[in-house]
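Chemist: Enclosed is the structure file final_23.txt (compact mmCIF, N, CA and C atoms and all ligand atoms).
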```
# COMPACT_ATOMS: atom_id res chain seq x y z
N MET A 22 20.44 -106.97 -98.60
CA MET A 22 21.69 -106.19 -98.59
C MET A 22 21.71 -105.30 -99.84
N ARG A 23 21.59 -104.00 -99.65
CA ARG A 23 21.53 -103.13 -100.82
C ARG A 23 22.91 -102.79 -101.36
N HIS A 24 23.86 -102.63 -100.47
CA HIS A 24 25.20 -102.26 -100.91
C HIS A 24 26.13 -103.46 -100.77
N LEU A 25 26.64 -103.93 -101.90
CA LEU A 25 27.49 -105.11 -101.87
C LEU A 25 28.97 -104.75 -101.88
N SER A 26 29.23 -103.47 -102.00
CA SER A 26 30.61 -103.02 -101.88
C SER A 26 30.64 -101.65 -101.24
N LEU A 27 31.75 -101.34 -100.63
CA LEU A 27 31.93 -100.05 -99.99
C LEU A 27 33.19 -99.41 -100.55
N GLU A 28 33.05 -98.16 -100.91
CA GLU A 28 34.20 -97.42 -101.38
C GLU A 28 34.75 -96.69 -100.16
N HIS A 29 36.05 -96.77 -99.94
CA HIS A 29 36.57 -96.11 -98.73
C HIS A 29 36.95 -94.66 -99.04
N ARG A 30 36.84 -93.87 -98.02
CA ARG A 30 37.22 -92.46 -98.15
C ARG A 30 37.91 -92.05 -96.85
N PHE A 31 39.17 -91.68 -96.96
CA PHE A 31 39.88 -91.22 -95.75
C PHE A 31 39.50 -89.77 -95.50
N VAL A 32 39.02 -89.52 -94.30
CA VAL A 32 38.58 -88.17 -93.95
C VAL A 32 39.15 -87.80 -92.59
N ARG A 33 39.12 -86.52 -92.31
CA ARG A 33 39.57 -86.07 -90.98
C ARG A 33 38.36 -86.15 -90.06
N ASN A 34 37.30 -85.49 -90.47
CA ASN A 34 36.05 -85.53 -89.71
C ASN A 34 34.99 -86.22 -90.55
N VAL A 35 34.20 -87.02 -89.90
CA VAL A 35 33.13 -87.73 -90.60
C VAL A 35 31.98 -86.76 -90.85
N PRO A 36 31.48 -86.69 -92.10
CA PRO A 36 30.39 -85.75 -92.37
C PRO A 36 29.10 -86.13 -91.65
N ARG A 37 28.27 -85.15 -91.41
CA ARG A 37 27.02 -85.43 -90.71
C ARG A 37 26.10 -86.29 -91.59
N GLU A 38 26.06 -85.95 -92.88
CA GLU A 38 25.24 -86.72 -93.81
C GLU A 38 26.13 -87.77 -94.46
N LEU A 39 25.81 -89.03 -94.27
CA LEU A 39 26.63 -90.09 -94.85
C LEU A 39 26.09 -90.48 -96.21
N GLU A 40 27.01 -90.60 -97.15
CA GLU A 40 26.63 -91.07 -98.48
C GLU A 40 26.61 -92.60 -98.43
N PRO A 41 25.50 -93.24 -98.78
CA PRO A 41 25.46 -94.71 -98.72
C PRO A 41 26.51 -95.32 -99.65
N GLY A 42 27.09 -96.42 -99.23
CA GLY A 42 28.09 -97.09 -100.07
C GLY A 42 29.50 -96.57 -99.87
N ILE A 43 29.65 -95.63 -98.93
CA ILE A 43 30.98 -95.08 -98.64
C ILE A 43 31.38 -95.44 -97.22
N LEU A 44 32.60 -95.92 -97.08
CA LEU A 44 33.14 -96.19 -95.75
C LEU A 44 34.09 -95.03 -95.42
N TYR A 45 33.65 -94.21 -94.48
CA TYR A 45 34.46 -93.06 -94.08
C TYR A 45 35.44 -93.51 -93.00
N ILE A 46 36.71 -93.20 -93.21
CA ILE A 46 37.72 -93.60 -92.24
C ILE A 46 38.46 -92.39 -91.73
N SER A 47 38.43 -92.22 -90.42
CA SER A 47 39.17 -91.13 -89.81
C SER A 47 40.29 -91.72 -88.97
N MET A 48 41.54 -91.52 -89.41
CA MET A 48 42.67 -92.02 -88.64
C MET A 48 42.85 -91.16 -87.39
N ASP A 49 42.50 -89.88 -87.48
CA ASP A 49 42.61 -89.00 -86.31
C ASP A 49 41.77 -89.53 -85.16
N TYR A 50 40.60 -90.03 -85.49
CA TYR A 50 39.71 -90.53 -84.44
C TYR A 50 39.72 -92.06 -84.35
N ALA A 51 40.55 -92.71 -85.17
CA ALA A 51 40.65 -94.17 -85.19
C ALA A 51 39.27 -94.81 -85.27
N THR A 52 38.51 -94.38 -86.24
CA THR A 52 37.13 -94.84 -86.36
C THR A 52 36.71 -94.87 -87.83
N ALA A 53 35.86 -95.82 -88.15
CA ALA A 53 35.23 -95.83 -89.47
C ALA A 53 33.73 -95.68 -89.25
N VAL A 54 33.09 -95.00 -90.16
CA VAL A 54 31.64 -94.79 -90.08
C VAL A 54 31.07 -95.03 -91.46
N HIS A 55 29.94 -95.74 -91.52
CA HIS A 55 29.26 -95.89 -92.80
C HIS A 55 27.76 -95.99 -92.58
N SER A 56 27.05 -95.80 -93.66
CA SER A 56 25.61 -95.92 -93.63
C SER A 56 25.30 -97.40 -93.82
N CYS A 57 24.47 -97.97 -92.96
CA CYS A 57 24.23 -99.42 -92.94
C CYS A 57 24.02 -99.99 -94.35
N CYS A 58 24.75 -101.07 -94.62
CA CYS A 58 24.76 -101.65 -95.97
C CYS A 58 23.44 -102.28 -96.39
N CYS A 59 22.55 -102.52 -95.45
CA CYS A 59 21.26 -103.11 -95.83
C CYS A 59 20.41 -102.08 -96.55
N GLY A 60 20.79 -100.81 -96.41
CA GLY A 60 20.04 -99.77 -97.08
C GLY A 60 19.12 -99.00 -96.15
N CYS A 61 19.10 -99.39 -94.86
CA CYS A 61 18.22 -98.71 -93.92
C CYS A 61 18.73 -97.30 -93.59
N GLY A 62 20.00 -97.06 -93.87
CA GLY A 62 20.54 -95.72 -93.69
C GLY A 62 21.02 -95.41 -92.28
N ASP A 63 20.93 -96.37 -91.39
CA ASP A 63 21.41 -96.12 -90.03
C ASP A 63 22.93 -95.93 -90.04
N ARG A 64 23.38 -95.10 -89.14
CA ARG A 64 24.79 -94.78 -89.02
C ARG A 64 25.49 -95.92 -88.26
N VAL A 65 26.49 -96.51 -88.86
CA VAL A 65 27.20 -97.60 -88.20
C VAL A 65 28.63 -97.13 -87.89
N VAL A 66 28.95 -97.10 -86.62
CA VAL A 66 30.25 -96.61 -86.17
C VAL A 66 31.08 -97.80 -85.71
N THR A 67 32.27 -97.94 -86.26
CA THR A 67 33.16 -99.05 -85.90
C THR A 67 34.51 -98.49 -85.45
N PRO A 68 34.65 -98.27 -84.15
CA PRO A 68 35.92 -97.73 -83.64
C PRO A 68 37.05 -98.76 -83.73
N PHE A 69 38.26 -98.29 -84.00
CA PHE A 69 39.42 -99.19 -84.03
C PHE A 69 40.07 -99.15 -82.65
N THR A 70 39.99 -100.25 -81.97
CA THR A 70 40.69 -100.39 -80.69
C THR A 70 41.15 -101.84 -80.63
N PRO A 71 42.03 -102.17 -79.70
CA PRO A 71 42.48 -103.57 -79.60
C PRO A 71 41.34 -104.55 -79.30
N THR A 72 40.21 -104.04 -78.79
CA THR A 72 39.12 -104.96 -78.47
C THR A 72 37.89 -104.74 -79.34
N ASP A 73 37.91 -103.75 -80.23
CA ASP A 73 36.77 -103.56 -81.12
C ASP A 73 37.14 -104.02 -82.53
N TRP A 74 37.31 -103.07 -83.46
CA TRP A 74 37.62 -103.48 -84.82
C TRP A 74 39.07 -103.20 -85.19
N ARG A 75 39.53 -104.01 -86.13
CA ARG A 75 40.84 -103.77 -86.73
C ARG A 75 40.61 -103.46 -88.19
N MET A 76 41.29 -102.47 -88.68
CA MET A 76 41.13 -102.07 -90.07
C MET A 76 42.39 -102.45 -90.82
N THR A 77 42.22 -103.04 -91.98
CA THR A 77 43.36 -103.37 -92.82
C THR A 77 43.21 -102.65 -94.15
N PHE A 78 44.22 -101.92 -94.53
CA PHE A 78 44.24 -101.22 -95.81
C PHE A 78 45.36 -101.82 -96.63
N ASP A 79 45.02 -102.48 -97.73
CA ASP A 79 46.05 -103.14 -98.53
C ASP A 79 46.56 -102.24 -99.66
N GLY A 80 46.20 -100.97 -99.58
CA GLY A 80 46.64 -100.04 -100.63
C GLY A 80 45.56 -99.81 -101.66
N GLU A 81 44.60 -100.73 -101.73
CA GLU A 81 43.51 -100.59 -102.69
C GLU A 81 42.15 -100.64 -102.02
N SER A 82 42.04 -101.50 -101.01
CA SER A 82 40.74 -101.67 -100.38
C SER A 82 40.89 -101.88 -98.88
N ILE A 83 39.74 -101.78 -98.23
CA ILE A 83 39.70 -101.85 -96.77
C ILE A 83 39.02 -103.14 -96.32
N SER A 84 39.55 -103.73 -95.27
CA SER A 84 38.87 -104.84 -94.61
C SER A 84 38.69 -104.47 -93.15
N LEU A 85 37.58 -104.90 -92.60
CA LEU A 85 37.35 -104.70 -91.16
C LEU A 85 37.18 -106.06 -90.50
N GLN A 86 37.78 -106.19 -89.36
CA GLN A 86 37.67 -107.41 -88.57
C GLN A 86 37.24 -107.03 -87.16
N PRO A 87 36.36 -107.69 -86.50
CA PRO A 87 35.52 -108.79 -86.98
C PRO A 87 34.32 -108.27 -87.79
N SER A 88 33.27 -109.04 -87.86
CA SER A 88 32.11 -108.66 -88.66
C SER A 88 31.36 -107.50 -88.00
N VAL A 89 30.52 -106.86 -88.80
CA VAL A 89 29.72 -105.74 -88.31
C VAL A 89 28.33 -106.29 -87.99
N GLY A 90 27.97 -106.28 -86.73
CA GLY A 90 26.66 -106.80 -86.31
C GLY A 90 25.81 -105.68 -85.77
N ASN A 91 24.82 -105.28 -86.54
CA ASN A 91 24.00 -104.13 -86.14
C ASN A 91 22.80 -104.56 -85.32
N TRP A 92 23.08 -105.29 -84.23
CA TRP A 92 21.93 -105.79 -83.48
C TRP A 92 21.24 -104.72 -82.67
N ASN A 93 21.89 -103.55 -82.56
CA ASN A 93 21.20 -102.46 -81.86
C ASN A 93 20.29 -101.69 -82.82
N GLN A 94 20.48 -101.93 -84.10
CA GLN A 94 19.65 -101.25 -85.10
C GLN A 94 18.41 -102.10 -85.36
N LYS A 95 17.42 -101.45 -85.94
CA LYS A 95 16.18 -102.15 -86.23
C LYS A 95 16.39 -103.30 -87.21
N CYS A 96 17.26 -103.07 -88.21
CA CYS A 96 17.42 -104.06 -89.28
C CYS A 96 18.16 -105.31 -88.81
N ARG A 97 18.95 -105.20 -87.77
CA ARG A 97 19.75 -106.31 -87.24
C ARG A 97 20.62 -106.99 -88.30
N SER A 98 21.09 -106.21 -89.24
CA SER A 98 21.91 -106.81 -90.30
C SER A 98 23.29 -107.18 -89.75
N HIS A 99 23.91 -108.09 -90.42
CA HIS A 99 25.20 -108.63 -89.97
C HIS A 99 26.01 -108.95 -91.20
N TYR A 100 27.15 -108.31 -91.32
CA TYR A 100 27.97 -108.56 -92.52
C TYR A 100 29.44 -108.35 -92.23
N VAL A 101 30.23 -108.83 -93.18
CA VAL A 101 31.68 -108.72 -93.07
C VAL A 101 32.14 -107.79 -94.19
N ILE A 102 33.03 -106.88 -93.85
CA ILE A 102 33.60 -106.00 -94.88
C ILE A 102 34.99 -106.51 -95.18
N GLN A 103 35.14 -107.08 -96.36
CA GLN A 103 36.40 -107.68 -96.74
C GLN A 103 36.84 -107.16 -98.09
N ARG A 104 37.98 -106.51 -98.09
CA ARG A 104 38.56 -105.91 -99.30
C ARG A 104 37.50 -105.12 -100.08
N GLY A 105 36.80 -104.28 -99.33
CA GLY A 105 35.83 -103.38 -99.95
C GLY A 105 34.51 -104.03 -100.33
N ARG A 106 34.41 -105.35 -100.10
CA ARG A 106 33.17 -106.05 -100.43
C ARG A 106 32.37 -106.32 -99.16
N VAL A 107 31.06 -106.30 -99.32
CA VAL A 107 30.18 -106.53 -98.19
C VAL A 107 29.62 -107.94 -98.30
N LEU A 108 30.04 -108.80 -97.39
CA LEU A 108 29.59 -110.20 -97.44
C LEU A 108 28.58 -110.42 -96.32
N GLU A 109 27.40 -110.83 -96.72
CA GLU A 109 26.36 -111.03 -95.73
C GLU A 109 26.70 -112.20 -94.82
N ALA A 110 26.53 -111.98 -93.53
CA ALA A 110 26.77 -113.05 -92.55
C ALA A 110 25.42 -113.43 -91.97
N GLY A 111 25.36 -114.56 -91.33
CA GLY A 111 24.09 -115.05 -90.81
C GLY A 111 23.47 -114.12 -89.79
N PRO A 112 22.16 -114.20 -89.63
CA PRO A 112 21.51 -113.37 -88.62
C PRO A 112 21.92 -113.80 -87.22
N TRP A 113 21.85 -112.88 -86.30
CA TRP A 113 22.22 -113.17 -84.92
C TRP A 113 21.01 -113.67 -84.16
N SER A 114 21.26 -114.68 -83.36
CA SER A 114 20.20 -115.10 -82.44
C SER A 114 20.42 -114.30 -81.16
N GLN A 115 19.40 -114.27 -80.32
CA GLN A 115 19.53 -113.53 -79.06
C GLN A 115 20.70 -114.09 -78.23
N GLY A 116 20.87 -115.42 -78.29
CA GLY A 116 21.95 -116.06 -77.55
C GLY A 116 23.31 -115.58 -78.03
N GLN A 117 23.48 -115.50 -79.36
CA GLN A 117 24.76 -115.06 -79.92
C GLN A 117 25.04 -113.61 -79.54
N ILE A 118 23.98 -112.79 -79.55
CA ILE A 118 24.14 -111.38 -79.20
C ILE A 118 24.63 -111.26 -77.77
N GLU A 119 24.00 -112.03 -76.89
CA GLU A 119 24.41 -111.96 -75.49
C GLU A 119 25.83 -112.49 -75.30
N ALA A 120 26.16 -113.56 -76.03
CA ALA A 120 27.52 -114.12 -75.94
C ALA A 120 28.54 -113.09 -76.42
N GLU A 121 28.21 -112.37 -77.49
CA GLU A 121 29.12 -111.36 -78.04
C GLU A 121 29.28 -110.18 -77.08
N ARG A 122 28.17 -109.78 -76.46
CA ARG A 122 28.24 -108.67 -75.49
C ARG A 122 29.16 -109.06 -74.34
N LEU A 123 29.03 -110.31 -73.90
CA LEU A 123 29.83 -110.81 -72.79
C LEU A 123 31.30 -110.87 -73.20
N ARG A 124 31.55 -111.37 -74.43
CA ARG A 124 32.92 -111.48 -74.92
C ARG A 124 33.57 -110.10 -74.97
N ASP A 125 32.81 -109.13 -75.47
CA ASP A 125 33.30 -107.77 -75.60
C ASP A 125 33.67 -107.20 -74.22
N LYS A 126 32.79 -107.42 -73.27
CA LYS A 126 32.99 -106.93 -71.92
C LYS A 126 34.26 -107.55 -71.30
N LYS A 127 34.37 -108.88 -71.47
CA LYS A 127 35.52 -109.60 -70.92
C LYS A 127 36.81 -109.16 -71.57
N ALA A 128 36.78 -109.03 -72.92
CA ALA A 128 37.97 -108.64 -73.66
C ALA A 128 38.43 -107.26 -73.21
N LYS A 129 37.48 -106.36 -73.02
CA LYS A 129 37.83 -105.00 -72.60
C LYS A 129 38.42 -105.01 -71.19
N ALA A 130 37.78 -105.78 -70.31
CA ALA A 130 38.27 -105.85 -68.94
C ALA A 130 39.67 -106.43 -68.91
N ALA A 131 39.89 -107.50 -69.68
CA ALA A 131 41.19 -108.15 -69.72
C ALA A 131 42.24 -107.22 -70.32
N HIS A 132 41.87 -106.58 -71.44
CA HIS A 132 42.83 -105.71 -72.11
C HIS A 132 43.21 -104.50 -71.27
N TYR A 133 42.20 -103.76 -70.83
CA TYR A 133 42.50 -102.53 -70.11
C TYR A 133 43.00 -102.84 -68.71
N GLY A 134 42.56 -103.95 -68.16
CA GLY A 134 43.08 -104.37 -66.86
C GLY A 134 44.55 -104.71 -66.95
N SER A 135 44.93 -105.50 -67.97
CA SER A 135 46.32 -105.93 -68.08
C SER A 135 47.24 -104.78 -68.44
N LEU A 136 46.72 -103.84 -69.22
CA LEU A 136 47.50 -102.67 -69.59
C LEU A 136 47.88 -101.90 -68.33
N HIS A 137 46.91 -101.84 -67.44
CA HIS A 137 47.10 -101.16 -66.18
C HIS A 137 48.19 -101.87 -65.37
N GLU A 138 48.12 -103.19 -65.35
CA GLU A 138 49.11 -104.00 -64.63
C GLU A 138 50.50 -103.75 -65.19
N VAL A 139 50.62 -103.79 -66.51
CA VAL A 139 51.91 -103.63 -67.16
C VAL A 139 52.51 -102.28 -66.80
N ARG A 140 51.68 -101.25 -66.84
CA ARG A 140 52.17 -99.90 -66.50
C ARG A 140 52.68 -99.86 -65.07
N ARG A 141 51.97 -100.57 -64.19
CA ARG A 141 52.37 -100.54 -62.79
C ARG A 141 53.66 -101.32 -62.58
N GLU A 142 53.77 -102.45 -63.30
CA GLU A 142 54.94 -103.29 -63.11
C GLU A 142 56.19 -102.72 -63.75
N LEU A 143 56.01 -102.10 -64.90
CA LEU A 143 57.15 -101.55 -65.61
C LEU A 143 56.98 -100.04 -65.75
N PRO A 144 57.21 -99.31 -64.71
CA PRO A 144 56.99 -97.87 -64.82
C PRO A 144 57.93 -97.26 -65.85
N GLY A 145 57.40 -96.35 -66.61
CA GLY A 145 58.25 -95.67 -67.57
C GLY A 145 58.30 -96.33 -68.92
N SER A 146 58.02 -97.61 -69.00
CA SER A 146 58.16 -98.29 -70.28
C SER A 146 57.05 -97.92 -71.24
N ALA A 147 55.87 -97.65 -70.72
CA ALA A 147 54.75 -97.36 -71.60
C ALA A 147 54.60 -95.87 -71.86
N THR A 148 54.60 -95.08 -70.83
CA THR A 148 54.30 -93.67 -71.02
C THR A 148 55.47 -92.76 -70.67
N GLY A 149 56.57 -93.32 -70.25
CA GLY A 149 57.76 -92.52 -70.02
C GLY A 149 57.70 -91.66 -68.77
N GLY A 150 58.29 -90.51 -68.89
CA GLY A 150 58.47 -89.47 -67.89
C GLY A 150 57.98 -89.67 -66.48
N GLN A 151 56.71 -89.36 -66.30
CA GLN A 151 56.18 -89.22 -64.97
C GLN A 151 56.32 -90.48 -64.11
N SER A 152 55.93 -91.61 -64.67
CA SER A 152 55.97 -92.81 -63.85
C SER A 152 57.41 -93.24 -63.57
N ALA A 153 58.31 -92.95 -64.51
CA ALA A 153 59.73 -93.28 -64.30
C ALA A 153 60.26 -92.49 -63.12
N THR A 154 59.85 -91.24 -63.01
CA THR A 154 60.28 -90.40 -61.89
C THR A 154 59.74 -90.96 -60.59
N ALA A 155 58.47 -91.33 -60.63
CA ALA A 155 57.83 -91.89 -59.43
C ALA A 155 58.57 -93.15 -59.01
N HIS A 156 58.98 -93.94 -60.02
CA HIS A 156 59.68 -95.19 -59.75
C HIS A 156 61.02 -94.92 -59.10
N SER A 157 61.81 -94.00 -59.67
CA SER A 157 63.13 -93.75 -59.10
C SER A 157 63.00 -93.13 -57.72
N ARG A 158 61.94 -92.33 -57.53
CA ARG A 158 61.73 -91.75 -56.22
C ARG A 158 61.46 -92.85 -55.19
N SER A 159 60.68 -93.83 -55.60
CA SER A 159 60.36 -94.88 -54.65
C SER A 159 61.61 -95.71 -54.33
N ILE A 160 62.48 -95.88 -55.32
CA ILE A 160 63.74 -96.60 -55.06
C ILE A 160 64.58 -95.79 -54.07
N TRP A 161 64.63 -94.49 -54.31
CA TRP A 161 65.40 -93.59 -53.46
C TRP A 161 64.87 -93.63 -52.02
N THR A 162 63.53 -93.61 -51.91
CA THR A 162 62.91 -93.67 -50.58
C THR A 162 63.29 -94.97 -49.89
N ARG A 163 63.24 -96.05 -50.68
CA ARG A 163 63.57 -97.35 -50.10
C ARG A 163 65.05 -97.41 -49.70
N LEU A 164 65.90 -96.82 -50.55
CA LEU A 164 67.34 -96.81 -50.32
C LEU A 164 67.66 -96.03 -49.04
N LYS A 165 66.98 -94.88 -48.91
CA LYS A 165 67.19 -94.06 -47.71
C LYS A 165 66.76 -94.81 -46.45
N ALA A 166 65.63 -95.49 -46.59
CA ALA A 166 65.10 -96.24 -45.46
C ALA A 166 66.09 -97.33 -45.09
N TRP A 167 66.69 -97.95 -46.10
CA TRP A 167 67.65 -99.04 -45.88
C TRP A 167 68.93 -98.50 -45.24
N LEU A 168 69.39 -97.32 -45.73
CA LEU A 168 70.62 -96.72 -45.21
C LEU A 168 70.48 -96.27 -43.77
N SER A 169 69.27 -95.89 -43.43
CA SER A 169 69.06 -95.37 -42.07
C SER A 169 68.81 -96.49 -41.04
N LEU A 170 68.84 -97.73 -41.51
CA LEU A 170 68.62 -98.84 -40.58
C LEU A 170 69.78 -98.98 -39.59
ZN ZN B 1 20.44 -101.66 -91.78
```
Since I need it in another form, could you write the structure as C-alpha cells?
Modeler:
Amino acid sequence: MRHLSLEHRFVRNVPRELEPGILYISMDYATAVHSCCCGCGDRVVTPFTPTDWRMTFDGESISLQPSVGNWNQKCRSHYVIQRGRVLEAGPWSQGQIEAERLRDKKAKAAHYGSLHEVRRELPGSATGGQSATAHSRSIWTRLKAWLSL
C-alpha cells in the first residue's frame, strides 16, 4: 500500500489525470474517483448510490463505506477509506468476489425493484406531477364506470 492517506478534493468534473493520494469527489455526479492506493495508478471509481458506496464527510475528512475492492484491477488491492486514512483489508478470495458480485446484484434488484413498487403503489409521492395525474384520472375513470352502472 503506497498511499496510507487520501486528501479529499471536491470537484465538479474529475480531471483526466489523477494525482495519486487525492480523492476527487464530485457531488454533481455523486461519485468519487482516485488513483489506486497500492500505487499501481489504476483509476478507481466509487459511485454513491444506495447500493454502492456511501460517503461521509465529517467536515475534515472523508470516509467511504463499504471497502474498496479492486478485484477487476490487476493489483486486486482491497482497502477501507476511513476518515481520510487508507486501511488495508484482507485480500479477496475468488469465493468472496463471487459472493460480493451476487450481493451487489441482489441489492440492486431489491432496491430498484422496490422503488418501482413504491412508485406504483403511491403515485405522486415520489416524483409528483405526472403520476398523480394518472392516478386521479384512473379514479375518475373508475368513478365514471361505477356511476354508469
Ligand atoms: Zn492498485
Chemist: Please write out the residues within 5 Å of ligand ZN 1 (chain B) as a PyMOL selection string, counting all atoms listed in the file.
Modeler: chain A and resi 57+59-61+96
Chemist: Could you give me, as a PyMOL selection string, the residues within 12 Å of A:Arg104, counting only C-alpha atoms and dropping anything in the same chain fewer than 5 positions from it?
Modeler: chain A and resi 25-29+44+76-86
Chemist: Since we have the selection now, will you write its residues out, keeping N, CA and C atoms, as an mmCIF file, in the frame of the given file?
Modeler:
```cif
data_model
loop_
_atom_site.group_PDB
_atom_site.id
_atom_site.type_symbol
_atom_site.label_atom_id
_atom_site.label_comp_id
_atom_site.auth_asym_id
_atom_site.auth_seq_id
_atom_site.Cartn_x
_atom_site.Cartn_y
_atom_site.Cartn_z
ATOM 1 N N LEU A 25 26.640 -103.930 -101.900
ATOM 2 C CA LEU A 25 27.490 -105.110 -101.870
ATOM 3 C C LEU A 25 28.970 -104.750 -101.880
ATOM 4 N N SER A 26 29.230 -103.470 -102.000
ATOM 5 C CA SER A 26 30.610 -103.020 -101.880
ATOM 6 C C SER A 26 30.640 -101.650 -101.240
ATOM 7 N N LEU A 27 31.750 -101.340 -100.630
ATOM 8 C CA LEU A 27 31.930 -100.050 -99.990
ATOM 9 C C LEU A 27 33.190 -99.410 -100.550
ATOM 10 N N GLU A 28 33.050 -98.160 -100.910
ATOM 11 C CA GLU A 28 34.200 -97.420 -101.380
ATOM 12 C C GLU A 28 34.750 -96.690 -100.160
ATOM 13 N N HIS A 29 36.050 -96.770 -99.940
ATOM 14 C CA HIS A 29 36.570 -96.110 -98.730
ATOM 15 C C HIS A 29 36.950 -94.660 -99.040
ATOM 16 N N LEU A 44 32.600 -95.920 -97.080
ATOM 17 C CA LEU A 44 33.140 -96.190 -95.750
ATOM 18 C C LEU A 44 34.090 -95.030 -95.420
ATOM 19 N N MET A 76 41.290 -102.470 -88.680
ATOM 20 C CA MET A 76 41.130 -102.070 -90.070
ATOM 21 C C MET A 76 42.390 -102.450 -90.820
ATOM 22 N N THR A 77 42.220 -103.040 -91.980
ATOM 23 C CA THR A 77 43.360 -103.370 -92.820
ATOM 24 C C THR A 77 43.210 -102.650 -94.150
ATOM 25 N N PHE A 78 44.220 -101.920 -94.530
ATOM 26 C CA PHE A 78 44.240 -101.220 -95.810
ATOM 27 C C PHE A 78 45.360 -101.820 -96.630
ATOM 28 N N ASP A 79 45.020 -102.480 -97.730
ATOM 29 C CA ASP A 79 46.050 -103.140 -98.530
ATOM 30 C C ASP A 79 46.560 -102.240 -99.660
ATOM 31 N N GLY A 80 46.200 -100.970 -99.580
ATOM 32 C CA GLY A 80 46.640 -100.040 -100.630
ATOM 33 C C GLY A 80 45.560 -99.810 -101.660
ATOM 34 N N GLU A 81 44.600 -100.730 -101.730
ATOM 35 C CA GLU A 81 43.510 -100.590 -102.690
ATOM 36 C C GLU A 81 42.150 -100.640 -102.020
ATOM 37 N N SER A 82 42.040 -101.500 -101.010
ATOM 38 C CA SER A 82 40.740 -101.670 -100.380
ATOM 39 C C SER A 82 40.890 -101.880 -98.880
ATOM 40 N N ILE A 83 39.740 -101.780 -98.230
ATOM 41 C CA ILE A 83 39.700 -101.850 -96.770
ATOM 42 C C ILE A 83 39.020 -103.140 -96.320
ATOM 43 N N SER A 84 39.550 -103.730 -95.270
ATOM 44 C CA SER A 84 38.870 -104.840 -94.610
ATOM 45 C C SER A 84 38.690 -104.470 -93.150
ATOM 46 N N LEU A 85 37.580 -104.900 -92.600
ATOM 47 C CA LEU A 85 37.350 -104.700 -91.160
ATOM 48 C C LEU A 85 37.180 -106.060 -90.500
ATOM 49 N N GLN A 86 37.780 -106.190 -89.360
ATOM 50 C CA GLN A 86 37.670 -107.410 -88.570
ATOM 51 C C GLN A 86 37.240 -107.030 -87.160
#
```
Chemist: Just need the box for stretch 118-132 of chain A, edges along x, y and z, holding every atom the file lists for it with 8 Å tacked onto each side, so centre and edge lengths in Å to one decimal, as lines of an AutoDock Vina configuration file.
Modeler:
```
center_x = 33.6
center_y = -109.3
center_z = -74.2
size_x = 35.2
size_y = 25.6
size_z = 26.6
```
Chemist: When distances are computed from only N, CA and C atoms, which of A:Val65, A:Val54, A:Leu108, A:Ala131 shows the smallest separation from A:Asn91?
Modeler: A:Val65
Chemist: In Å, rounded to a single decimal, give me how far atom C of A:Pro71 is from atom CA of A:Ala130.
Modeler: 10.9 Å
Chemist: Record the distance separating atom CA of A:Ala110 and atom CA of A:Ser98, expressed in Å with one decimal.
Modeler: 8.2 Å
Chemist: Please indicate the distance in Å from atom CA of A:Gly90 to atom N of A:Tyr133, rounded to one decimal place.
Modeler: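 Between these atoms lies a distance of 22.1 Å.
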Chemist: Which neighbours of A:Asn34 fall inside 9 Å, counting only C-alpha atoms, when residues of the same chain fewer than 2 positions from it are skipped, and could you give them as a list in words?
Modeler: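 Counting only C-alpha atoms, the residues come to Val32, Pro36, Tyr45, Ile46, Ser47, Asp49 and Tyr50 of chain A.
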Chemist: For those residues, write N, CA and C atoms to a file as a PDB file, keeping the file's coordinate frame.
Modeler:
```pdb
ATOM      1  N   VAL A  32      39.020 -89.520 -94.300  1.00  0.00           N
ATOM      2  CA  VAL A  32      38.580 -88.170 -93.950  1.00  0.00           C
ATOM      3  C   VAL A  32      39.150 -87.800 -92.590  1.00  0.00           C
ATOM      4  N   PRO A  36      31.480 -86.690 -92.100  1.00  0.00           N
ATOM      5  CA  PRO A  36      30.390 -85.750 -92.370  1.00  0.00           C
ATOM      6  C   PRO A  36      29.100 -86.130 -91.650  1.00  0.00           C
ATOM      7  N   TYR A  45      33.650 -94.210 -94.480  1.00  0.00           N
ATOM      8  CA  TYR A  45      34.460 -93.060 -94.080  1.00  0.00           C
ATOM      9  C   TYR A  45      35.440 -93.510 -93.000  1.00  0.00           C
ATOM     10  N   ILE A  46      36.710 -93.200 -93.210  1.00  0.00           N
ATOM     11  CA  ILE A  46      37.720 -93.600 -92.240  1.00  0.00           C
ATOM     12  C   ILE A  46      38.460 -92.390 -91.730  1.00  0.00           C
ATOM     13  N   SER A  47      38.430 -92.220 -90.420  1.00  0.00           N
ATOM     14  CA  SER A  47      39.170 -91.130 -89.810  1.00  0.00           C
ATOM     15  C   SER A  47      40.290 -91.720 -88.970  1.00  0.00           C
ATOM     16  N   ASP A  49      42.500 -89.880 -87.480  1.00  0.00           N
ATOM     17  CA  ASP A  49      42.610 -89.000 -86.310  1.00  0.00           C
ATOM     18  C   ASP A  49      41.770 -89.530 -85.160  1.00  0.00           C
ATOM     19  N   TYR A  50      40.600 -90.030 -85.490  1.00  0.00           N
ATOM     20  CA  TYR A  50      39.710 -90.530 -84.440  1.00  0.00           C
ATOM     21  C   TYR A  50      39.720 -92.060 -84.350  1.00  0.00           C
TER      22      TYR A  50
END
```
